[in-house]
$ cat query-v7.cif   # mmCIF, C-alpha atoms, pLDDT in the B column; chains and numbers go by the auth columns
data_model
loop_
_atom_site.group_PDB
_atom_site.id
_atom_site.type_symbol
_atom_site.label_atom_id
_atom_site.label_comp_id
_atom_site.label_asym_id
_atom_site.label_seq_id
_atom_site.Cartn_x
_atom_site.Cartn_y
_atom_site.Cartn_z
_atom_site.B_iso_or_equiv
_atom_site.auth_seq_id
_atom_site.auth_asym_id
ATOM 1 C CA MET A 1 3.158 -97.129 -32.331 38.00 1 B
ATOM 2 C CA SER A 2 3.332 -94.284 -34.856 42.00 2 B
ATOM 3 C CA THR A 3 0.218 -92.272 -35.586 49.00 3 B
ATOM 4 C CA LYS A 4 -0.563 -90.483 -38.789 59.00 4 B
ATOM 5 C CA LYS A 5 -0.829 -86.742 -38.288 69.00 5 B
ATOM 6 C CA PRO A 6 -3.621 -84.899 -40.108 77.00 6 B
ATOM 7 C CA ARG A 7 -2.646 -83.011 -43.238 86.00 7 B
ATOM 8 C CA ARG A 8 -2.454 -79.239 -42.836 91.00 8 B
ATOM 9 C CA PHE A 9 -1.581 -76.213 -44.896 92.00 9 B
ATOM 10 C CA TYR A 10 0.847 -73.684 -43.482 91.00 10 B
ATOM 11 C CA GLY A 11 -1.617 -70.880 -44.087 90.00 11 B
ATOM 12 C CA TYR A 12 -4.788 -70.390 -46.065 87.00 12 B
ATOM 13 C CA GLY A 13 -4.083 -73.294 -48.425 87.00 13 B
ATOM 14 C CA ILE A 14 -5.701 -73.726 -51.825 88.00 14 B
ATOM 15 C CA PRO A 15 -9.408 -72.870 -52.163 88.00 15 B
ATOM 16 C CA GLY A 16 -11.497 -75.985 -52.691 89.00 16 B
ATOM 17 C CA VAL A 17 -8.744 -78.399 -51.649 90.00 17 B
ATOM 18 C CA LYS A 18 -9.505 -80.382 -48.521 89.00 18 B
ATOM 19 C CA PRO A 19 -6.410 -81.475 -46.559 89.00 19 B
ATOM 20 C CA GLU A 20 -7.978 -84.820 -45.699 88.00 20 B
ATOM 21 C CA GLU A 21 -8.138 -85.656 -49.430 91.00 21 B
ATOM 22 C CA LEU A 22 -4.334 -85.516 -49.705 92.00 22 B
ATOM 23 C CA GLY A 23 -3.661 -89.097 -48.678 91.00 23 B
ATOM 24 C CA GLY A 24 -0.168 -89.526 -50.098 94.00 24 B
ATOM 25 C CA LYS A 25 3.107 -88.659 -48.414 95.00 25 B
ATOM 26 C CA LEU A 26 5.068 -85.454 -48.960 96.00 26 B
ATOM 27 C CA ILE A 27 8.774 -85.680 -48.148 96.00 27 B
ATOM 28 C CA ALA A 28 11.201 -82.801 -48.674 96.00 28 B
ATOM 29 C CA VAL A 29 14.984 -82.940 -48.832 97.00 29 B
ATOM 30 C CA GLU A 30 16.678 -79.569 -48.402 95.00 30 B
ATOM 31 C CA GLY A 31 20.309 -78.581 -48.730 93.00 31 B
ATOM 32 C CA ALA A 32 22.713 -76.356 -50.616 89.00 32 B
ATOM 33 C CA ASP A 33 24.330 -77.246 -53.917 87.00 33 B
ATOM 34 C CA GLY A 34 27.088 -79.658 -52.975 88.00 34 B
ATOM 35 C CA SER A 35 25.275 -81.081 -49.953 92.00 35 B
ATOM 36 C CA GLY A 36 24.682 -84.384 -51.743 92.00 36 B
ATOM 37 C CA ARG A 37 20.971 -83.651 -52.003 93.00 37 B
ATOM 38 C CA SER A 38 20.545 -84.666 -55.653 90.00 38 B
ATOM 39 C CA THR A 39 22.463 -87.905 -55.103 93.00 39 B
ATOM 40 C CA GLN A 40 20.260 -88.769 -52.145 95.00 40 B
ATOM 41 C CA ILE A 41 17.104 -88.001 -54.145 94.00 41 B
ATOM 42 C CA VAL A 42 18.163 -90.464 -56.873 93.00 42 B
ATOM 43 C CA GLU A 43 18.912 -93.146 -54.284 95.00 43 B
ATOM 44 C CA LEU A 44 15.632 -92.568 -52.470 96.00 44 B
ATOM 45 C CA VAL A 45 13.546 -92.685 -55.648 95.00 45 B
ATOM 46 C CA ASN A 46 15.138 -95.978 -56.663 95.00 46 B
ATOM 47 C CA TRP A 47 14.570 -97.405 -53.198 96.00 47 B
ATOM 48 C CA LEU A 48 10.933 -96.287 -53.009 95.00 48 B
ATOM 49 C CA GLU A 49 9.970 -97.410 -56.494 94.00 49 B
ATOM 50 C CA THR A 50 11.687 -100.799 -56.266 94.00 50 B
ATOM 51 C CA SER A 51 9.745 -101.375 -53.053 92.00 51 B
ATOM 52 C CA GLY A 52 6.529 -100.778 -54.969 93.00 52 B
ATOM 53 C CA ARG A 53 5.740 -97.242 -53.853 93.00 53 B
ATOM 54 C CA PRO A 54 4.811 -94.890 -56.718 94.00 54 B
ATOM 55 C CA THR A 55 6.859 -91.722 -56.434 95.00 55 B
ATOM 56 C CA VAL A 56 6.680 -88.286 -58.041 96.00 56 B
ATOM 57 C CA GLN A 57 9.511 -85.751 -57.964 95.00 57 B
ATOM 58 C CA VAL A 58 9.303 -81.972 -57.782 95.00 58 B
ATOM 59 C CA GLY A 59 11.967 -79.329 -57.253 91.00 59 B
ATOM 60 C CA LEU A 60 13.054 -75.782 -57.916 88.00 60 B
ATOM 61 C CA LYS A 61 12.699 -74.352 -61.409 85.00 61 B
ATOM 62 C CA ARG A 62 10.749 -77.327 -62.785 87.00 62 B
ATOM 63 C CA SER A 63 7.511 -75.524 -63.614 85.00 63 B
ATOM 64 C CA THR A 64 6.661 -75.518 -67.308 81.00 64 B
ATOM 65 C CA LEU A 65 5.067 -72.134 -66.692 79.00 65 B
ATOM 66 C CA VAL A 66 8.080 -70.075 -65.582 76.00 66 B
ATOM 67 C CA SER A 67 11.238 -72.192 -65.264 71.00 67 B
ATOM 68 C CA ALA A 68 12.636 -71.240 -68.680 78.00 68 B
ATOM 69 C CA GLU A 69 11.917 -67.558 -68.091 77.00 69 B
ATOM 70 C CA LEU A 70 13.518 -67.719 -64.637 74.00 70 B
ATOM 71 C CA ASP A 71 16.671 -69.298 -66.046 71.00 71 B
ATOM 72 C CA LYS A 72 16.887 -66.598 -68.673 77.00 72 B
ATOM 73 C CA ALA A 73 16.271 -63.812 -66.153 70.00 73 B
ATOM 74 C CA GLN A 74 18.986 -65.123 -63.822 71.00 74 B
ATOM 75 C CA GLU A 75 21.572 -65.115 -66.597 72.00 75 B
ATOM 76 C CA GLY A 76 21.667 -61.332 -66.498 66.00 76 B
ATOM 77 C CA ASN A 77 22.416 -61.278 -62.734 61.00 77 B
ATOM 78 C CA VAL A 78 20.238 -58.189 -62.305 64.00 78 B
ATOM 79 C CA LEU A 79 17.007 -59.501 -60.723 71.00 79 B
ATOM 80 C CA SER A 80 15.774 -57.591 -57.690 81.00 80 B
ATOM 81 C CA ARG A 81 15.149 -59.585 -54.525 84.00 81 B
ATOM 82 C CA THR A 82 11.358 -59.197 -54.835 87.00 82 B
ATOM 83 C CA THR A 83 11.276 -60.237 -58.493 85.00 83 B
ATOM 84 C CA LEU A 84 13.474 -63.233 -57.741 83.00 84 B
ATOM 85 C CA SER A 85 11.253 -64.224 -54.820 87.00 85 B
ATOM 86 C CA LEU A 86 8.037 -63.981 -56.812 89.00 86 B
ATOM 87 C CA PHE A 87 9.547 -65.929 -59.726 87.00 87 B
ATOM 88 C CA TYR A 88 10.337 -68.845 -57.427 90.00 88 B
ATOM 89 C CA ALA A 89 6.982 -68.569 -55.645 92.00 89 B
ATOM 90 C CA THR A 90 5.199 -68.808 -58.998 92.00 90 B
ATOM 91 C CA ASP A 91 7.319 -71.807 -59.953 92.00 91 B
ATOM 92 C CA PHE A 92 6.324 -73.502 -56.691 95.00 92 B
ATOM 93 C CA ALA A 93 2.624 -72.623 -56.986 93.00 93 B
ATOM 94 C CA ASP A 94 2.416 -74.058 -60.506 93.00 94 B
ATOM 95 C CA GLN A 95 3.999 -77.348 -59.431 95.00 95 B
ATOM 96 C CA LEU A 96 1.782 -77.432 -56.344 96.00 96 B
ATOM 97 C CA GLU A 97 -1.399 -77.143 -58.388 94.00 97 B
ATOM 98 C CA ASN A 98 -0.423 -79.420 -61.257 94.00 98 B
ATOM 99 C CA ILE A 99 1.857 -82.043 -59.686 95.00 99 B
ATOM 100 C CA ILE A 100 1.987 -82.086 -55.881 96.00 100 B
ATOM 101 C CA LEU A 101 -1.713 -81.917 -55.039 96.00 101 B
ATOM 102 C CA PRO A 102 -2.883 -84.379 -57.749 96.00 102 B
ATOM 103 C CA ALA A 103 -0.160 -86.839 -56.721 97.00 103 B
ATOM 104 C CA LEU A 104 -1.071 -86.613 -53.033 96.00 104 B
ATOM 105 C CA LYS A 105 -4.746 -87.098 -53.869 95.00 105 B
ATOM 106 C CA ALA A 106 -3.784 -90.233 -55.814 96.00 106 B
ATOM 107 C CA GLY A 107 -1.872 -91.592 -52.807 94.00 107 B
ATOM 108 C CA PHE A 108 1.609 -91.162 -54.303 96.00 108 B
ATOM 109 C CA ILE A 109 4.782 -90.299 -52.441 96.00 109 B
ATOM 110 C CA VAL A 110 5.918 -86.835 -53.482 97.00 110 B
ATOM 111 C CA LEU A 111 9.660 -86.360 -53.066 96.00 111 B
ATOM 112 C CA ALA A 112 10.644 -82.698 -53.171 96.00 112 B
ATOM 113 C CA ASP A 113 14.208 -81.835 -54.162 95.00 113 B
ATOM 114 C CA ARG A 114 14.012 -78.697 -51.994 94.00 114 B
ATOM 115 C CA TYR A 115 10.741 -77.151 -50.875 96.00 115 B
ATOM 116 C CA ILE A 116 9.583 -73.761 -49.581 95.00 116 B
ATOM 117 C CA TYR A 117 12.251 -73.631 -46.857 95.00 117 B
ATOM 118 C CA THR A 118 15.096 -73.014 -49.304 94.00 118 B
ATOM 119 C CA LEU A 119 13.031 -70.261 -50.898 94.00 119 B
ATOM 120 C CA MET A 120 12.257 -68.702 -47.532 95.00 120 B
ATOM 121 C CA ALA A 121 15.881 -68.975 -46.361 95.00 121 B
ATOM 122 C CA ARG A 122 17.130 -67.274 -49.527 93.00 122 B
ATOM 123 C CA ASP A 123 14.634 -64.460 -49.068 93.00 123 B
ATOM 124 C CA MET A 124 15.430 -64.098 -45.363 94.00 124 B
ATOM 125 C CA VAL A 125 19.133 -63.688 -46.168 94.00 125 B
ATOM 126 C CA ARG A 126 18.139 -60.994 -48.660 93.00 126 B
ATOM 127 C CA GLY A 127 16.151 -59.111 -46.045 92.00 127 B
ATOM 128 C CA MET A 128 12.595 -60.014 -47.023 91.00 128 B
ATOM 129 C CA ASP A 129 9.895 -59.602 -44.389 89.00 129 B
ATOM 130 C CA ASP A 130 9.165 -62.772 -42.401 87.00 130 B
ATOM 131 C CA LYS A 131 5.399 -62.205 -42.221 91.00 131 B
ATOM 132 C CA TRP A 132 5.254 -61.545 -45.955 91.00 132 B
ATOM 133 C CA LEU A 133 7.055 -64.827 -46.634 92.00 133 B
ATOM 134 C CA LYS A 134 4.763 -66.830 -44.371 91.00 134 B
ATOM 135 C CA ASN A 135 1.763 -65.354 -46.170 92.00 135 B
ATOM 136 C CA LEU A 136 3.305 -65.959 -49.596 93.00 136 B
ATOM 137 C CA TYR A 137 3.812 -69.650 -48.848 94.00 137 B
ATOM 138 C CA GLY A 138 0.570 -70.124 -46.933 93.00 138 B
ATOM 139 C CA ILE A 139 -0.598 -72.203 -49.900 94.00 139 B
ATOM 140 C CA ALA A 140 1.952 -74.917 -49.090 95.00 140 B
ATOM 141 C CA PRO A 141 0.860 -78.202 -47.504 95.00 141 B
ATOM 142 C CA GLU A 142 2.929 -79.234 -44.520 94.00 142 B
ATOM 143 C CA PRO A 143 5.215 -82.138 -45.475 95.00 143 B
ATOM 144 C CA ASP A 144 5.169 -85.419 -43.594 94.00 144 B
ATOM 145 C CA ALA A 145 8.935 -85.117 -43.199 95.00 145 B
ATOM 146 C CA VAL A 146 11.636 -82.573 -44.022 96.00 146 B
ATOM 147 C CA PHE A 147 15.364 -83.291 -43.976 96.00 147 B
ATOM 148 C CA TYR A 148 17.966 -80.538 -44.228 94.00 148 B
ATOM 149 C CA LEU A 149 21.348 -81.871 -45.318 95.00 149 B
ATOM 150 C CA SER A 150 23.829 -79.716 -43.439 93.00 150 B
ATOM 151 C CA VAL A 151 27.372 -79.343 -44.781 92.00 151 B
ATOM 152 C CA GLU A 152 29.966 -76.832 -43.624 91.00 152 B
ATOM 153 C CA PRO A 153 30.508 -73.958 -46.113 89.00 153 B
ATOM 154 C CA GLU A 154 34.206 -74.821 -46.524 90.00 154 B
ATOM 155 C CA GLU A 155 33.275 -78.351 -47.586 91.00 155 B
ATOM 156 C CA LEU A 156 30.574 -77.019 -49.933 90.00 156 B
ATOM 157 C CA VAL A 157 33.205 -74.912 -51.716 89.00 157 B
ATOM 158 C CA GLN A 158 35.377 -77.938 -52.374 90.00 158 B
ATOM 159 C CA ARG A 159 32.462 -80.075 -53.561 90.00 159 B
ATOM 160 C CA ASN A 160 31.151 -77.404 -55.925 86.00 160 B
ATOM 161 C CA LEU A 161 34.578 -76.694 -57.398 89.00 161 B
ATOM 162 C CA ALA A 162 35.221 -80.420 -57.855 86.00 162 B
ATOM 163 C CA LYS A 163 31.894 -80.795 -59.667 85.00 163 B
ATOM 164 C CA ASN A 164 31.649 -77.598 -61.702 83.00 164 B
ATOM 165 C CA ALA A 165 35.120 -75.996 -61.512 81.00 165 B
ATOM 166 C CA THR A 166 33.325 -72.750 -60.657 85.00 166 B
ATOM 167 C CA LEU A 167 30.938 -71.232 -58.120 88.00 167 B
ATOM 168 C CA ASP A 168 27.403 -70.182 -59.068 87.00 168 B
ATOM 169 C CA TYR A 169 26.646 -66.439 -58.929 87.00 169 B
ATOM 170 C CA TRP A 170 23.389 -66.828 -56.996 86.00 170 B
ATOM 171 C CA GLU A 171 24.551 -69.676 -54.740 89.00 171 B
ATOM 172 C CA SER A 172 27.489 -67.453 -53.835 91.00 172 B
ATOM 173 C CA GLY A 173 25.219 -64.533 -52.918 89.00 173 B
ATOM 174 C CA MET A 174 27.098 -62.224 -55.267 89.00 174 B
ATOM 175 C CA ASP A 175 23.957 -60.098 -55.672 88.00 175 B
ATOM 176 C CA LEU A 176 24.222 -59.142 -51.988 89.00 176 B
ATOM 177 C CA GLY A 177 27.591 -57.426 -52.222 89.00 177 B
ATOM 178 C CA LEU A 178 29.063 -59.537 -49.413 92.00 178 B
ATOM 179 C CA SER A 179 32.468 -59.537 -51.107 91.00 179 B
ATOM 180 C CA ARG A 180 33.962 -58.851 -54.508 92.00 180 B
ATOM 181 C CA ASP A 181 35.703 -62.221 -54.281 92.00 181 B
ATOM 182 C CA VAL A 182 33.317 -65.031 -55.257 92.00 182 B
ATOM 183 C CA PHE A 183 35.069 -67.541 -53.005 90.00 183 B
ATOM 184 C CA ASP A 184 34.741 -65.304 -49.946 94.00 184 B
ATOM 185 C CA SER A 185 31.190 -64.347 -50.882 94.00 185 B
ATOM 186 C CA PHE A 186 30.223 -68.031 -51.186 92.00 186 B
ATOM 187 C CA LEU A 187 31.484 -68.772 -47.676 93.00 187 B
ATOM 188 C CA LYS A 188 29.659 -65.803 -46.175 95.00 188 B
ATOM 189 C CA TYR A 189 26.447 -66.499 -48.076 93.00 189 B
ATOM 190 C CA GLN A 190 26.318 -70.206 -47.266 92.00 190 B
ATOM 191 C CA GLY A 191 27.039 -69.416 -43.615 93.00 191 B
ATOM 192 C CA ALA A 192 24.097 -67.002 -43.628 94.00 192 B
ATOM 193 C CA MET A 193 21.922 -69.658 -45.290 93.00 193 B
ATOM 194 C CA GLN A 194 22.812 -72.153 -42.565 92.00 194 B
ATOM 195 C CA ASN A 195 21.799 -69.630 -39.921 93.00 195 B
ATOM 196 C CA ALA A 196 18.519 -68.993 -41.755 93.00 196 B
ATOM 197 C CA PHE A 197 17.779 -72.717 -41.819 93.00 197 B
ATOM 198 C CA LYS A 198 18.478 -72.960 -38.095 92.00 198 B
ATOM 199 C CA THR A 199 15.953 -70.176 -37.550 92.00 199 B
ATOM 200 C CA LEU A 200 13.403 -71.934 -39.758 93.00 200 B
ATOM 201 C CA GLN A 201 14.032 -75.232 -37.979 92.00 201 B
ATOM 202 C CA LYS A 202 12.891 -73.678 -34.703 91.00 202 B
ATOM 203 C CA THR A 203 9.576 -72.769 -36.357 90.00 203 B
ATOM 204 C CA TYR A 204 8.966 -75.757 -38.619 90.00 204 B
ATOM 205 C CA GLY A 205 10.729 -78.517 -36.694 88.00 205 B
ATOM 206 C CA PHE A 206 12.421 -80.373 -39.541 89.00 206 B
ATOM 207 C CA ASP A 207 15.325 -82.799 -39.172 93.00 207 B
ATOM 208 C CA ILE A 208 18.866 -81.484 -39.603 92.00 208 B
ATOM 209 C CA VAL A 209 21.007 -84.281 -41.027 94.00 209 B
ATOM 210 C CA ASP A 210 24.811 -84.228 -40.867 94.00 210 B
ATOM 211 C CA ALA A 211 25.742 -84.562 -44.552 95.00 211 B
ATOM 212 C CA ASN A 212 29.475 -84.191 -43.996 92.00 212 B
ATOM 213 C CA ARG A 213 29.414 -88.001 -43.761 93.00 213 B
ATOM 214 C CA SER A 214 29.513 -90.572 -46.555 93.00 214 B
ATOM 215 C CA VAL A 215 26.653 -90.939 -49.039 94.00 215 B
ATOM 216 C CA ASN A 216 25.814 -94.379 -47.636 96.00 216 B
ATOM 217 C CA ALA A 217 25.703 -93.169 -44.040 96.00 217 B
ATOM 218 C CA VAL A 218 23.372 -90.306 -44.908 96.00 218 B
ATOM 219 C CA ASN A 219 21.189 -92.529 -47.084 96.00 219 B
ATOM 220 C CA LYS A 220 20.864 -95.139 -44.342 96.00 220 B
ATOM 221 C CA GLU A 221 19.625 -92.480 -41.905 97.00 221 B
ATOM 222 C CA LEU A 222 17.167 -91.047 -44.441 97.00 222 B
ATOM 223 C CA ARG A 223 15.739 -94.465 -45.309 96.00 223 B
ATOM 224 C CA LYS A 224 15.192 -95.306 -41.662 96.00 224 B
ATOM 225 C CA LYS A 225 13.378 -92.056 -40.942 96.00 225 B
ATOM 226 C CA ILE A 226 11.341 -92.121 -44.159 96.00 226 B
ATOM 227 C CA SER A 227 10.288 -95.720 -43.507 94.00 227 B
ATOM 228 C CA ALA A 228 8.887 -94.626 -40.152 93.00 228 B
ATOM 229 C CA VAL A 229 6.923 -91.852 -41.852 92.00 229 B
ATOM 230 C CA ILE A 230 5.546 -94.113 -44.581 90.00 230 B
ATOM 231 C CA ASP A 231 4.531 -96.820 -42.118 85.00 231 B
ATOM 232 C CA ALA A 232 2.742 -94.360 -39.809 74.00 232 B
ATOM 233 C CA GLU A 233 -1.020 -94.837 -39.761 57.00 233 B
#
$ encode --input "query-v7.cif" --output "structure tokens"
Amino acid sequence: MSTKKPRRFYGYGIPGVKPEELGGKLIAVEGADGSGRSTQIVELVNWLETSGRPTVQVGLKRSTLVSAELDKAQEGNVLSRTTLSLFYATDFADQLENIILPALKAGFIVLADRYIYTLMARDMVRGMDDKWLKNLYGIAPEPDAVFYLSVEPEELVQRNLAKNATLDYWESGMDLGLSRDVFDSFLKYQGAMQNAFKTLQKTYGFDIVDANRSVNAVNKELRKKISAVIDAE
């Protein structure tokens, strides 16, 4: 029989917020652009809500406080690694305070379209200090489940080109000077991101899901594992 684990923060948490008051479920789905993450989120939301479970979504660059400014800043392709990191951390903190925590207190399921692990992996690849990152995201509550959709970099290239006909500057790691060729840089950057996630997995213990498979196969696995989490008491 499954047992419900007590809610914890990864670090110091939020002053005045008691973990035991956060009675909802927090589920994070991680993965690069092209991993099928957004498609799975849509499918999962439909499944959860049609089964009568109120669900709230959060994700990167969705804060009303800084998302527009972050988009504008990234257009220039000149952000330093620290500025970029703090922009995303602020975006997360605003959503945590105004969406995630209230929803968990109300007993909702919070479905995160990427969580702090993507942010940490990006910063790790850019050489940011591990202890600094852990402190920065010490405000984050530990999710009830985390799923990283793993897709080989070569497959990610094809999926992104099929969808957008181009490769994103930041998702290709062009700011790192890995290669002058965006295609080559994308492969190197996504390979480094996969290695960063493997390192994080050893610390945080999340599930690595093979997303090279069909949408239905991946969704079936996610539903099964999420059902077990939801039903745990």
$ residues_near_point --input "query-v7.cif" --point "(15.5, -76.2, -52.3)" --cutoff "8 Å" --atoms "all atoms listed in the file" --output "ChimeraX atom specification"
/B:29-32,59-60,113-119
$ atom_distance --input "query-v7.cif" --atom1 "CA of Lys198 (chain B)" --atom2 "CA of Leu70 (chain B)"
27.5 Å
$ residues_around --input "query-v7.cif" --residues "region 176-187 of chain B" --least-positions-apart "4" --cutoff "10 Å" --atoms "only C-alpha atoms" --output "PyMOL selection string"
chain B and resi 81+125-126+152-157+166-172+191-193
$ resolve_selection --input "query-v7.cif" --expression "the PyMOL selection byres ((chain B and resi 84-97) around 9)" --output "PyMOL selection string"
chain B and resi 14+58-67+69-70+73-74+79-83+98-102+115-116+119-120+122-123+128+136-137+139-141
$ write_last_selection --input "query-v7.cif" --atoms "C-alpha atoms" --output "mmCIF file, in the frame of the given file"
data_model
loop_
_atom_site.group_PDB
_atom_site.id
_atom_site.type_symbol
_atom_site.label_atom_id
_atom_site.label_comp_id
_atom_site.auth_asym_id
_atom_site.auth_seq_id
_atom_site.Cartn_x
_atom_site.Cartn_y
_atom_site.Cartn_z
ATOM 1 C CA ILE B 14 -5.701 -73.726 -51.825
ATOM 2 C CA VAL B 58 9.303 -81.972 -57.782
ATOM 3 C CA GLY B 59 11.967 -79.329 -57.253
ATOM 4 C CA LEU B 60 13.054 -75.782 -57.916
ATOM 5 C CA LYS B 61 12.699 -74.352 -61.409
ATOM 6 C CA ARG B 62 10.749 -77.327 -62.785
ATOM 7 C CA SER B 63 7.511 -75.524 -63.614
ATOM 8 C CA THR B 64 6.661 -75.518 -67.308
ATOM 9 C CA LEU B 65 5.067 -72.134 -66.692
ATOM 10 C CA VAL B 66 8.080 -70.075 -65.582
ATOM 11 C CA SER B 67 11.238 -72.192 -65.264
ATOM 12 C CA GLU B 69 11.917 -67.558 -68.091
ATOM 13 C CA LEU B 70 13.518 -67.719 -64.637
ATOM 14 C CA ALA B 73 16.271 -63.812 -66.153
ATOM 15 C CA GLN B 74 18.986 -65.123 -63.822
ATOM 16 C CA LEU B 79 17.007 -59.501 -60.723
ATOM 17 C CA SER B 80 15.774 -57.591 -57.690
ATOM 18 C CA ARG B 81 15.149 -59.585 -54.525
ATOM 19 C CA THR B 82 11.358 -59.197 -54.835
ATOM 20 C CA THR B 83 11.276 -60.237 -58.493
ATOM 21 C CA ASN B 98 -0.423 -79.420 -61.257
ATOM 22 C CA ILE B 99 1.857 -82.043 -59.686
ATOM 23 C CA ILE B 100 1.987 -82.086 -55.881
ATOM 24 C CA LEU B 101 -1.713 -81.917 -55.039
ATOM 25 C CA PRO B 102 -2.883 -84.379 -57.749
ATOM 26 C CA TYR B 115 10.741 -77.151 -50.875
ATOM 27 C CA ILE B 116 9.583 -73.761 -49.581
ATOM 28 C CA LEU B 119 13.031 -70.261 -50.898
ATOM 29 C CA MET B 120 12.257 -68.702 -47.532
ATOM 30 C CA ARG B 122 17.130 -67.274 -49.527
ATOM 31 C CA ASP B 123 14.634 -64.460 -49.068
ATOM 32 C CA MET B 128 12.595 -60.014 -47.023
ATOM 33 C CA LEU B 136 3.305 -65.959 -49.596
ATOM 34 C CA TYR B 137 3.812 -69.650 -48.848
ATOM 35 C CA ILE B 139 -0.598 -72.203 -49.900
ATOM 36 C CA ALA B 140 1.952 -74.917 -49.090
ATOM 37 C CA PRO B 141 0.860 -78.202 -47.504
#
$ closest_residue --input "query-v7.cif" --among "B:Glu21, B:Ala68, B:Lys134, B:Gly36" --to "Leu104 (chain B)" --atoms "only C-alpha atoms"
B:Glu21
$ axis_aligned_box --input "query-v7.cif" --around "region 75-94 of chain B" --padding-each-side "5 Å" --output "JSON"
{"center_x": 12.4, "center_y": -65.8, "center_z": -60.6, "size_x": 30.0, "size_y": 26.5, "size_z": 22.1}
$ residues_around --input "query-v7.cif" --residues "Val229 (chain B)" --least-positions-apart "3" --cutoff "8 Å" --atoms "all atoms listed in the file" --output "PyMOL selection string"
chain B and resi 144-145+225-226+232
$ atom_distance --input "query-v7.cif" --atom1 "CA of Gly52 (chain B)" --atom2 "CA of Gln40 (chain B)"
18.5 Å
$ atom_distance --input "query-v7.cif" --atom1 "CA of Leu133 (chain B)" --atom2 "CA of Arg37 (chain B)"
24.0 Å
$ closest_residue --input "query-v7.cif" --among "B:Asn46, B:Gln190, B:Asn135, B:Asn216" --to "Gly34 (chain B)" --atoms "only C-alpha atoms"
B:Gln190
$ closest_residue --input "query-v7.cif" --among "B:Thr39, B:Asp71, B:Met174, B:Glu142" --to "Pro19 (chain B)" --atoms "only C-alpha atoms"
B:Glu142
$ closest_residue --input "query-v7.cif" --among "B:Gly138, B:Ala165, B:Lys72, B:Ser227" --to "Pro15 (chain B)" --atoms "all atoms listed in the file"
B:Gly138
$ closest_residue --input "query-v7.cif" --among "B:Val17, B:Ala106, B:Ala162, B:Ile41" --to "Arg223 (chain B)" --atoms "all atoms listed in the file"
B:Ile41
